[in-house]
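S.K.: My file is my_file-v5.tsv. It has TSV, C-alpha atoms:
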```
chain	number	residue	atom	x	y	z
D	1273	MET	CA	0.00	0.00	0.00
D	1274	GLY	CA	1.50	3.32	-1.07
D	1275	VAL	CA	1.21	6.75	0.46
D	1276	LEU	CA	-1.43	7.81	-2.07
D	1277	ASP	CA	-3.82	5.14	-0.86
D	1278	TYR	CA	-4.17	7.21	2.29
D	1279	PHE	CA	-5.74	10.18	0.57
D	1280	ARG	CA	-9.16	10.65	-0.88
D	1281	PRO	CA	-10.98	13.73	-2.00
D	1282	VAL	CA	-13.54	15.46	0.26
D	1283	SER	CA	-16.88	16.66	-1.15
D	1284	THR	CA	-16.18	19.86	-2.95
D	1285	LEU	CA	-18.79	21.64	-5.01
D	1286	PRO	CA	-18.15	24.28	-7.65
D	1287	ALA	CA	-19.30	27.82	-6.82
D	1288	GLU	CA	-22.43	27.57	-9.03
D	1289	LYS	CA	-23.61	24.42	-7.20
D	1290	ILE	CA	-23.10	26.17	-3.85
D	1291	ARG	CA	-25.04	29.17	-5.19
D	1292	ALA	CA	-27.92	26.89	-6.21
D	1293	LEU	CA	-27.87	25.10	-2.84
D	1294	LEU	CA	-28.01	28.39	-0.91
D	1295	ASN	CA	-30.80	29.69	-3.15
D	1296	GLU	CA	-33.05	26.70	-2.65
D	1297	LYS	CA	-32.69	26.76	1.14
D	1298	LYS	CA	-33.83	29.40	3.60
D	1299	THR	CA	-31.31	31.25	5.74
D	1300	GLY	CA	-30.98	29.27	8.94
D	1301	GLU	CA	-31.36	25.93	7.19
D	1302	TYR	CA	-27.63	25.70	6.56
D	1303	ASN	CA	-24.29	26.70	8.06
D	1304	LEU	CA	-22.18	28.86	5.78
D	1305	VAL	CA	-18.72	29.21	7.28
D	1306	ASP	CA	-15.94	31.50	6.11
D	1307	VAL	CA	-12.78	29.83	7.43
D	1308	ARG	CA	-10.36	32.51	6.27
D	1309	GLN	CA	-8.71	35.18	8.41
D	1310	PRO	CA	-10.74	38.18	9.72
D	1311	GLU	CA	-8.82	40.54	7.38
D	1312	GLU	CA	-9.85	38.46	4.37
D	1313	TYR	CA	-13.44	38.26	5.60
D	1314	GLN	CA	-13.59	42.04	5.95
D	1315	ALA	CA	-12.33	42.48	2.41
D	1316	GLY	CA	-15.37	40.57	1.16
D	1317	HIS	CA	-17.40	37.50	2.01
D	1318	LEU	CA	-20.46	35.55	0.93
D	1319	PRO	CA	-23.80	36.94	2.12
D	1320	GLY	CA	-24.70	35.45	5.48
D	1321	ALA	CA	-21.35	33.74	5.96
D	1322	ARG	CA	-20.16	33.34	9.48
D	1323	LEU	CA	-16.50	33.93	10.20
D	1324	ILE	CA	-14.69	31.12	11.99
D	1325	PRO	CA	-10.98	31.13	11.04
D	1326	VAL	CA	-9.89	27.59	10.37
D	1327	GLY	CA	-7.49	27.58	13.33
D	1328	GLU	CA	-10.44	28.20	15.68
D	1329	LEU	CA	-12.88	25.82	14.02
D	1330	GLU	CA	-12.09	22.79	16.18
D	1331	SER	CA	-12.87	24.69	19.41
D	1332	ARG	CA	-15.96	26.45	18.01
D	1333	LEU	CA	-17.82	23.49	16.50
D	1334	LYS	CA	-20.51	23.88	19.15
D	1335	ASP	CA	-21.44	27.27	17.62
D	1336	LEU	CA	-22.83	25.36	14.63
D	1337	ASP	CA	-25.70	22.91	14.26
D	1338	PRO	CA	-24.18	19.60	13.08
D	1339	ASN	CA	-27.50	18.49	11.58
D	1340	LYS	CA	-27.64	21.26	8.99
D	1341	PRO	CA	-25.80	21.08	5.68
D	1342	THR	CA	-22.52	22.90	6.24
D	1343	ILE	CA	-20.55	24.72	3.60
D	1344	ALA	CA	-16.99	25.85	4.26
D	1345	TYR	CA	-14.99	28.19	2.09
V	808	MET	CA	-7.33	23.90	0.42
V	809	ARG	CA	-8.05	25.62	3.72
V	810	SER	CA	-11.75	24.94	3.14
V	811	ARG	CA	-11.03	21.26	2.51
V	812	ALA	CA	-9.19	21.02	5.81
V	813	ALA	CA	-12.14	22.81	7.42
V	814	ALA	CA	-14.56	20.33	5.82
V	815	SER	CA	-12.49	17.50	7.24
V	816	ILE	CA	-12.56	19.00	10.75
V	817	LEU	CA	-16.35	19.42	10.47
V	818	ALA	CA	-16.82	15.85	9.26
V	819	ARG	CA	-14.68	14.55	12.12
V	820	GLY	CA	-16.80	16.68	14.51
V	821	GLY	CA	-19.91	14.74	13.52
V	822	PHE	CA	-21.42	17.15	10.99
V	823	LYS	CA	-23.76	15.19	8.73
V	824	GLU	CA	-23.45	16.96	5.39
V	825	VAL	CA	-20.29	18.90	4.68
V	826	TYR	CA	-19.08	20.64	1.53
V	827	SER	CA	-16.17	22.81	0.67
V	828	MET	CA	-16.41	25.32	-2.10
V	829	GLU	CA	-14.12	24.66	-5.01
V	830	GLY	CA	-11.94	27.65	-5.81
V	831	GLY	CA	-13.12	29.58	-2.74
V	832	ILE	CA	-14.29	33.18	-2.94
V	833	ARG	CA	-12.43	33.81	-6.19
V	834	ALA	CA	-14.61	31.24	-7.92
V	835	TRP	CA	-17.73	32.74	-6.32
V	836	LYS	CA	-16.88	36.15	-7.73
V	837	GLY	CA	-16.28	34.53	-11.11
V	838	LEU	CA	-12.60	35.35	-11.05
V	839	ALA	CA	-10.12	32.93	-12.48
V	840	ALA	CA	-8.83	30.87	-9.62
V	841	GLY	CA	-5.05	31.00	-9.50
V	842	GLY	CA	-5.21	28.64	-6.62
V	843	ALA	CA	-2.59	26.45	-5.08
V	844	PRO	CA	-2.37	22.76	-5.98
V	845	GLU	CA	-5.54	20.97	-4.92
V	846	ALA	CA	-5.35	18.18	-2.43
V	847	GLY	CA	-7.21	15.24	-1.09
V	848	MET	CA	-7.69	14.64	2.58
V	849	ALA	CA	-5.99	11.93	4.53
V	850	TYR	CA	-8.01	8.79	4.68
V	851	PHE	CA	-7.27	5.82	6.86
V	852	PRO	CA	-8.25	2.41	5.61
V	853	PRO	CA	-9.71	0.46	8.53
V	854	ASP	CA	-6.88	-2.04	8.39
V	855	SER	CA	-4.03	0.46	8.67
V	856	SER	CA	-1.95	-0.47	11.65
V	857	PRO	CA	-0.37	2.02	14.09
V	858	SER	CA	3.00	1.14	12.53
V	859	LYS	CA	1.78	1.97	9.06
V	860	LEU	CA	0.24	5.25	10.21
V	861	THR	CA	3.48	6.19	11.95
V	862	ALA	CA	5.45	5.42	8.79
V	863	LEU	CA	2.97	7.42	6.72
V	864	ALA	CA	3.29	10.39	9.07
V	865	TRP	CA	7.09	10.15	8.80
V	866	LEU	CA	6.93	10.26	5.00
V	867	LEU	CA	4.62	13.27	5.08
V	868	GLU	CA	6.91	15.09	7.52
V	869	LYS	CA	9.80	14.39	5.18
V	870	GLY	CA	7.80	15.88	2.30
V	871	ALA	CA	6.87	18.95	4.34
V	872	GLN	CA	10.48	19.38	5.46
V	873	LYS	CA	11.62	19.40	1.84
V	874	PHE	CA	8.89	21.82	0.85
V	875	TYR	CA	9.69	24.33	3.61
V	876	GLY	CA	13.43	24.01	3.09
V	877	GLU	CA	13.28	24.62	-0.65
V	878	ALA	CA	10.39	27.11	-0.67
V	879	ALA	CA	12.32	29.29	1.82
V	880	SER	CA	14.65	30.34	-0.99
V	881	GLU	CA	11.67	31.33	-3.18
V	882	LEU	CA	10.22	33.67	-0.56
V	883	ARG	CA	10.82	37.35	-1.31
V	884	ASP	CA	10.38	38.20	2.35
V	885	SER	CA	13.20	37.54	4.79
V	886	GLY	CA	10.91	37.07	7.81
V	887	ALA	CA	8.84	34.46	6.01
V	888	ALA	CA	11.99	32.74	4.72
V	889	ARG	CA	13.33	32.46	8.29
V	890	LEU	CA	9.99	31.11	9.45
V	891	PHE	CA	10.07	28.45	6.71
V	892	ALA	CA	13.61	27.44	7.72
V	893	ASP	CA	12.36	27.05	11.31
V	894	LEU	CA	9.43	24.95	10.13
V	895	ALA	CA	11.75	22.70	8.10
V	896	ALA	CA	13.81	22.14	11.26
V	897	ALA	CA	10.65	21.38	13.26
V	898	GLU	CA	9.57	18.74	10.72
V	899	GLU	CA	12.99	17.11	11.10
V	900	LYS	CA	12.35	16.83	14.85
V	901	HIS	CA	8.92	15.33	14.18
V	902	LYS	CA	10.53	12.69	11.98
V	903	ASP	CA	12.85	11.78	14.82
V	904	THR	CA	9.96	11.61	17.31
V	905	LEU	CA	8.01	9.36	14.94
V	906	TYR	CA	10.99	7.08	14.42
V	907	ARG	CA	11.53	6.72	18.17
V	908	THR	CA	7.85	5.96	18.70
V	909	HIS	CA	8.08	3.31	15.99
V	910	LEU	CA	11.01	1.71	17.86
V	911	GLU	CA	9.09	1.82	21.16
V	912	MET	CA	6.04	0.20	19.59
V	913	THR	CA	8.01	-2.56	17.91
V	914	GLY	CA	10.54	-3.03	20.71
V	915	ALA	CA	13.39	-2.93	18.21
V	916	ALA	CA	16.73	-1.33	19.10
V	917	ASP	CA	16.90	0.27	15.70
V	918	ASP	CA	15.38	-0.05	12.27
V	919	PRO	CA	17.60	1.43	9.58
V	920	GLN	CA	15.06	0.47	6.89
V	921	PHE	CA	12.27	2.59	8.43
V	922	PRO	CA	9.86	3.64	6.94
V	923	GLU	CA	10.29	1.16	4.05
V	924	SER	CA	10.30	-1.64	6.63
V	925	VAL	CA	6.63	-0.82	7.25
V	926	LEU	CA	5.32	0.92	4.14
V	927	PRO	CA	6.83	-0.62	1.03
V	928	ALA	CA	8.72	1.92	-1.06
V	929	SER	CA	6.80	2.93	-4.12
V	930	ALA	CA	7.72	4.71	-7.29
V	931	ALA	CA	5.19	7.39	-6.36
V	932	PRO	CA	6.54	10.93	-5.98
V	933	GLU	CA	7.02	12.54	-2.59
V	934	TYR	CA	3.93	13.79	-0.82
V	935	MET	CA	3.25	15.99	2.15
V	936	GLU	CA	0.23	16.72	4.31
V	937	GLY	CA	-2.99	17.14	2.41
V	938	GLY	CA	-1.83	14.69	-0.25
V	939	VAL	CA	0.00	17.42	-2.13
V	940	GLU	CA	2.91	16.38	-4.29
V	941	VAL	CA	6.04	18.14	-3.03
V	942	ALA	CA	7.48	18.74	-6.50
V	943	LYS	CA	4.20	20.22	-7.79
V	944	ALA	CA	3.89	22.50	-4.78
V	945	LEU	CA	7.48	23.71	-5.18
V	946	LYS	CA	6.92	24.35	-8.86
V	947	TRP	CA	3.79	26.32	-8.00
V	948	THR	CA	5.70	28.57	-5.55
V	949	ARG	CA	7.93	29.94	-8.32
V	950	GLY	CA	7.18	33.59	-8.93
V	951	LYS	CA	4.40	33.61	-6.31
V	952	SER	CA	4.11	36.40	-3.75
V	953	PRO	CA	5.01	35.75	-0.10
V	954	GLU	CA	1.29	36.17	0.72
V	955	GLU	CA	0.30	33.42	-1.71
V	956	ILE	CA	3.00	31.05	-0.47
V	957	LEU	CA	2.12	31.72	3.18
V	958	GLU	CA	-1.55	31.14	2.44
V	959	PHE	CA	-0.65	27.77	0.95
V	960	ALA	CA	1.52	26.93	3.98
V	961	LEU	CA	-1.39	27.87	6.26
V	962	ALA	CA	-3.56	25.34	4.48
V	963	LEU	CA	-0.79	22.74	4.78
V	964	GLU	CA	-0.49	23.22	8.52
V	965	VAL	CA	-4.25	23.01	9.06
V	966	ASN	CA	-4.14	19.75	7.14
V	967	ALA	CA	-1.20	18.58	9.23
V	968	TYR	CA	-3.00	19.49	12.45
V	969	ASP	CA	-6.15	17.68	11.37
V	970	LEU	CA	-4.17	14.68	10.15
V	971	HIS	CA	-2.28	14.23	13.42
V	972	LEU	CA	-5.43	14.56	15.51
V	973	LYS	CA	-7.01	11.85	13.37
V	974	MET	CA	-3.89	9.71	13.80
V	975	ALA	CA	-4.11	10.21	17.57
V	976	GLN	CA	-7.72	8.99	17.51
V	977	ARG	CA	-6.73	5.89	15.58
V	978	MET	CA	-3.92	4.88	17.91
V	979	THR	CA	-4.53	2.08	20.35
V	980	ASP	CA	-1.07	2.41	21.87
V	981	SER	CA	-1.18	5.16	24.50
V	982	ARG	CA	2.38	6.36	23.85
V	983	ALA	CA	1.64	6.69	20.14
V	984	ARG	CA	-1.60	8.50	20.94
V	985	GLU	CA	0.18	11.03	23.14
V	986	MET	CA	2.93	11.48	20.59
V	987	PHE	CA	0.46	12.27	17.79
V	988	ALA	CA	-1.49	14.64	20.02
V	989	ARG	CA	1.77	16.41	20.87
V	990	ILE	CA	2.73	16.73	17.21
V	991	ALA	CA	-0.78	18.05	16.47
V	992	ASP	CA	-0.25	20.74	19.13
V	993	GLU	CA	3.04	21.70	17.55
V	994	GLU	CA	1.45	21.91	14.11
V	995	LYS	CA	-1.10	24.24	15.67
V	996	GLY	CA	1.79	26.37	16.95
V	997	HIS	CA	3.16	26.48	13.38
V	998	LEU	CA	-0.28	27.49	12.16
V	999	ASN	CA	-0.35	30.38	14.61
V	1000	ARG	CA	3.09	31.60	13.59
V	1001	LEU	CA	2.14	31.44	9.91
V	1002	GLN	CA	-1.11	33.27	10.61
V	1003	GLU	CA	0.68	36.04	12.47
V	1004	HIS	CA	3.13	36.52	9.64
V	1005	PHE	CA	0.39	36.31	6.99
V	1006	ILE	CA	-1.57	39.06	8.74
V	1007	ARG	CA	1.57	41.16	9.09
V	1008	LEU	CA	2.17	40.91	5.33
V	1009	MET	CA	-1.45	41.78	4.56
V	1010	THR	CA	-1.47	44.87	6.75
V	1011	PRO	CA	1.60	46.96	5.93
V	1012	ALA	CA	2.55	49.38	8.68
```
What's the C-alpha cells form of this structure?
M.R.:
Amino acid sequence: MGVLDYFRPVSTLPAEKIRALLNEKKTGEYNLVDVRQPEEYQAGHLPGARLIPVGELESRLKDLDPNKPTIAY
Amino acid sequence: MRSRAAASILARGGFKEVYSMEGGIRAWKGLAAGGAPEAGMAYFPPDSSPSKLTALAWLLEKGAQKFYGEAASELRDSGAARLFADLAAAEEKHKDTLYRTHLEMTGAADDPQFPESVLPASAAPEYMEGGVEVAKALKWTRGKSPEEILEFALALEVNAYDLHLKMAQRMTDSRAREMFARIADEEKGHLNRLQEHFIRLMTPA
C-alpha cells in the first residue's frame, strides 16, 4: 500500500452548485462558514457567511448545528 | 485547500453533510482561480496499523520538510523565509519523534530500513500533508508572492493538524496517541506563527 492510498478527496462543489444550494434553502437551514482570516473576511465574504478562522474551528464546532448542511470556504 | 481542511474538521466533529467550495471566494466572484495545488484529505483504511500510520506520518513530515526548506529560498520576504527554515527544522524533529515511537512500539533497538520496513517503497513521488505532491507544490511557488505562499503553507499546517489529531484517535497504543497529540499541538503552533506573519504581510505598517 502506497502513500497515495491514504488520501481521498472530500466533497467539494463548484461555486455555481453552492449558489444553487443556498438559493433553494432558507437562511438558517444551513451553516455557511468562512474559514479565512478576519482581514480576508472584511475584504469581502459571501452573504450570510459566518467567520470562523480555520485555526479556531475545532474549538468552536458547538457554535454550529451539526444536523444542517454545512458549507466551508 | 483551507476549506477542505475545514470540511475534514467538520466531518470529524460529527457534521452530517459537509461541503467545501471549489476555488473559494475567487470562484464565487467569477474570477479565475489562480489557486494552489488541490489536495485530497488523509483517509485511513480500517486495516491500517499504528505502525503503518506512523510510517505514513514520517513520509509526510519528510515531504513537508523538503517543501519548507526549498520554498524558503523562493520567498521574497526575509521574515517568512526564516519562518520556513524554522518549520523545516521542526519537521525534522517530528521525523525523529516518529521514528523513536516506531522503535518503542516494535521493541526494536533500531530499524535502519524505516519507513520502508513498514510501508513498502513505491515509485510514487514525494507527498506531504494534504496529499500534495512536493514537486508540484514547489513548482507552484515559483514567482508567487510571499502572501500566496504563506496562504498555501497555512492550508498545509491546518491539514497537518487535522491529520495528526485523526492519527491520535486511531492509535490504540497510549504512547503513540500522546505522541500524535503532541505533534498536532506543535502543528497548531506552526499554524499560529504562519497566521501572524500572513496578517503582518497583509497589513503593511
S.K.: Can you tell me how far CA of His971 (chain V) sits from CA of Leu882 (chain V), in Å to one decimal?
M.R.: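 Distance reported for this atom pair: 27.0 Å.
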S.K.: Which residue gives the smallest distance to Phe874 (chain V) among V:Ala960, V:Leu1008, V:Met912, V:Leu860, with all atoms listed in the file counted?
M.R.: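 Looking only at the distances to Phe874 (chain V), the closest residue turns out to be V:Ala960.
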S.K.: With all atoms listed in the file considered, list every residue of chain V at most 9 Å from chain D, as a VMD selection string.
M.R.: chain V and resid 808 to 817 820 to 832 834 to 837 846 to 852 863 866 to 867 926 to 931 933 to 934 937 to 938 962 965 995 998 to 999 1002 1006 1009 to 1010
S.K.: If you count all atoms listed in the file, which residues fall within 10 Å of region 941-951 of chain V, apart from same-chain ones fewer than 6 positions away, as a ChimeraX atom specification?
M.R.: /V:842-845,867,869-875,877-883,932-935,957,959
S.K.: Using only C-alpha atoms, please write the residues we just selected to a file, as a PDB file, in the frame of the given file.
M.R.:
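The result, stored in result-v3.pdb:
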```pdb
ATOM      1  CA  GLY V 842      -5.210  28.640  -6.620  1.00  0.00           C
ATOM      2  CA  ALA V 843      -2.590  26.450  -5.080  1.00  0.00           C
ATOM      3  CA  PRO V 844      -2.370  22.760  -5.980  1.00  0.00           C
ATOM      4  CA  GLU V 845      -5.540  20.970  -4.920  1.00  0.00           C
ATOM      5  CA  LEU V 867       4.620  13.270   5.080  1.00  0.00           C
ATOM      6  CA  LYS V 869       9.800  14.390   5.180  1.00  0.00           C
ATOM      7  CA  GLY V 870       7.800  15.880   2.300  1.00  0.00           C
ATOM      8  CA  ALA V 871       6.870  18.950   4.340  1.00  0.00           C
ATOM      9  CA  GLN V 872      10.480  19.380   5.460  1.00  0.00           C
ATOM     10  CA  LYS V 873      11.620  19.400   1.840  1.00  0.00           C
ATOM     11  CA  PHE V 874       8.890  21.820   0.850  1.00  0.00           C
ATOM     12  CA  TYR V 875       9.690  24.330   3.610  1.00  0.00           C
ATOM     13  CA  GLU V 877      13.280  24.620  -0.650  1.00  0.00           C
ATOM     14  CA  ALA V 878      10.390  27.110  -0.670  1.00  0.00           C
ATOM     15  CA  ALA V 879      12.320  29.290   1.820  1.00  0.00           C
ATOM     16  CA  SER V 880      14.650  30.340  -0.990  1.00  0.00           C
ATOM     17  CA  GLU V 881      11.670  31.330  -3.180  1.00  0.00           C
ATOM     18  CA  LEU V 882      10.220  33.670  -0.560  1.00  0.00           C
ATOM     19  CA  ARG V 883      10.820  37.350  -1.310  1.00  0.00           C
ATOM     20  CA  PRO V 932       6.540  10.930  -5.980  1.00  0.00           C
ATOM     21  CA  GLU V 933       7.020  12.540  -2.590  1.00  0.00           C
ATOM     22  CA  TYR V 934       3.930  13.790  -0.820  1.00  0.00           C
ATOM     23  CA  MET V 935       3.250  15.990   2.150  1.00  0.00           C
ATOM     24  CA  LEU V 957       2.120  31.720   3.180  1.00  0.00           C
ATOM     25  CA  PHE V 959      -0.650  27.770   0.950  1.00  0.00           C
TER      26      PHE V 959
END
```
S.K.: Using CA of Ala895 (chain V) and CA of Glu1003 (chain V) as the two end points, give the distance in Å to one decimal.
M.R.: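 Taking CA of Ala895 (chain V) and CA of Glu1003 (chain V), their separation equals 17.9 Å.
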S.K.: Report, in Å with one decimal, the straight-line distance from CA of Glu994 (chain V) to CA of Glu1328 (chain D).
M.R.: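 So the answer is 13.5 Å.
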S.K.: Residues around (-4.6, 3.8, 12.5), cut-off 9 Å, counting only C-alpha atoms - what are they as a PyMOL selection string?
M.R.: chain V and resi 851-861+973-979
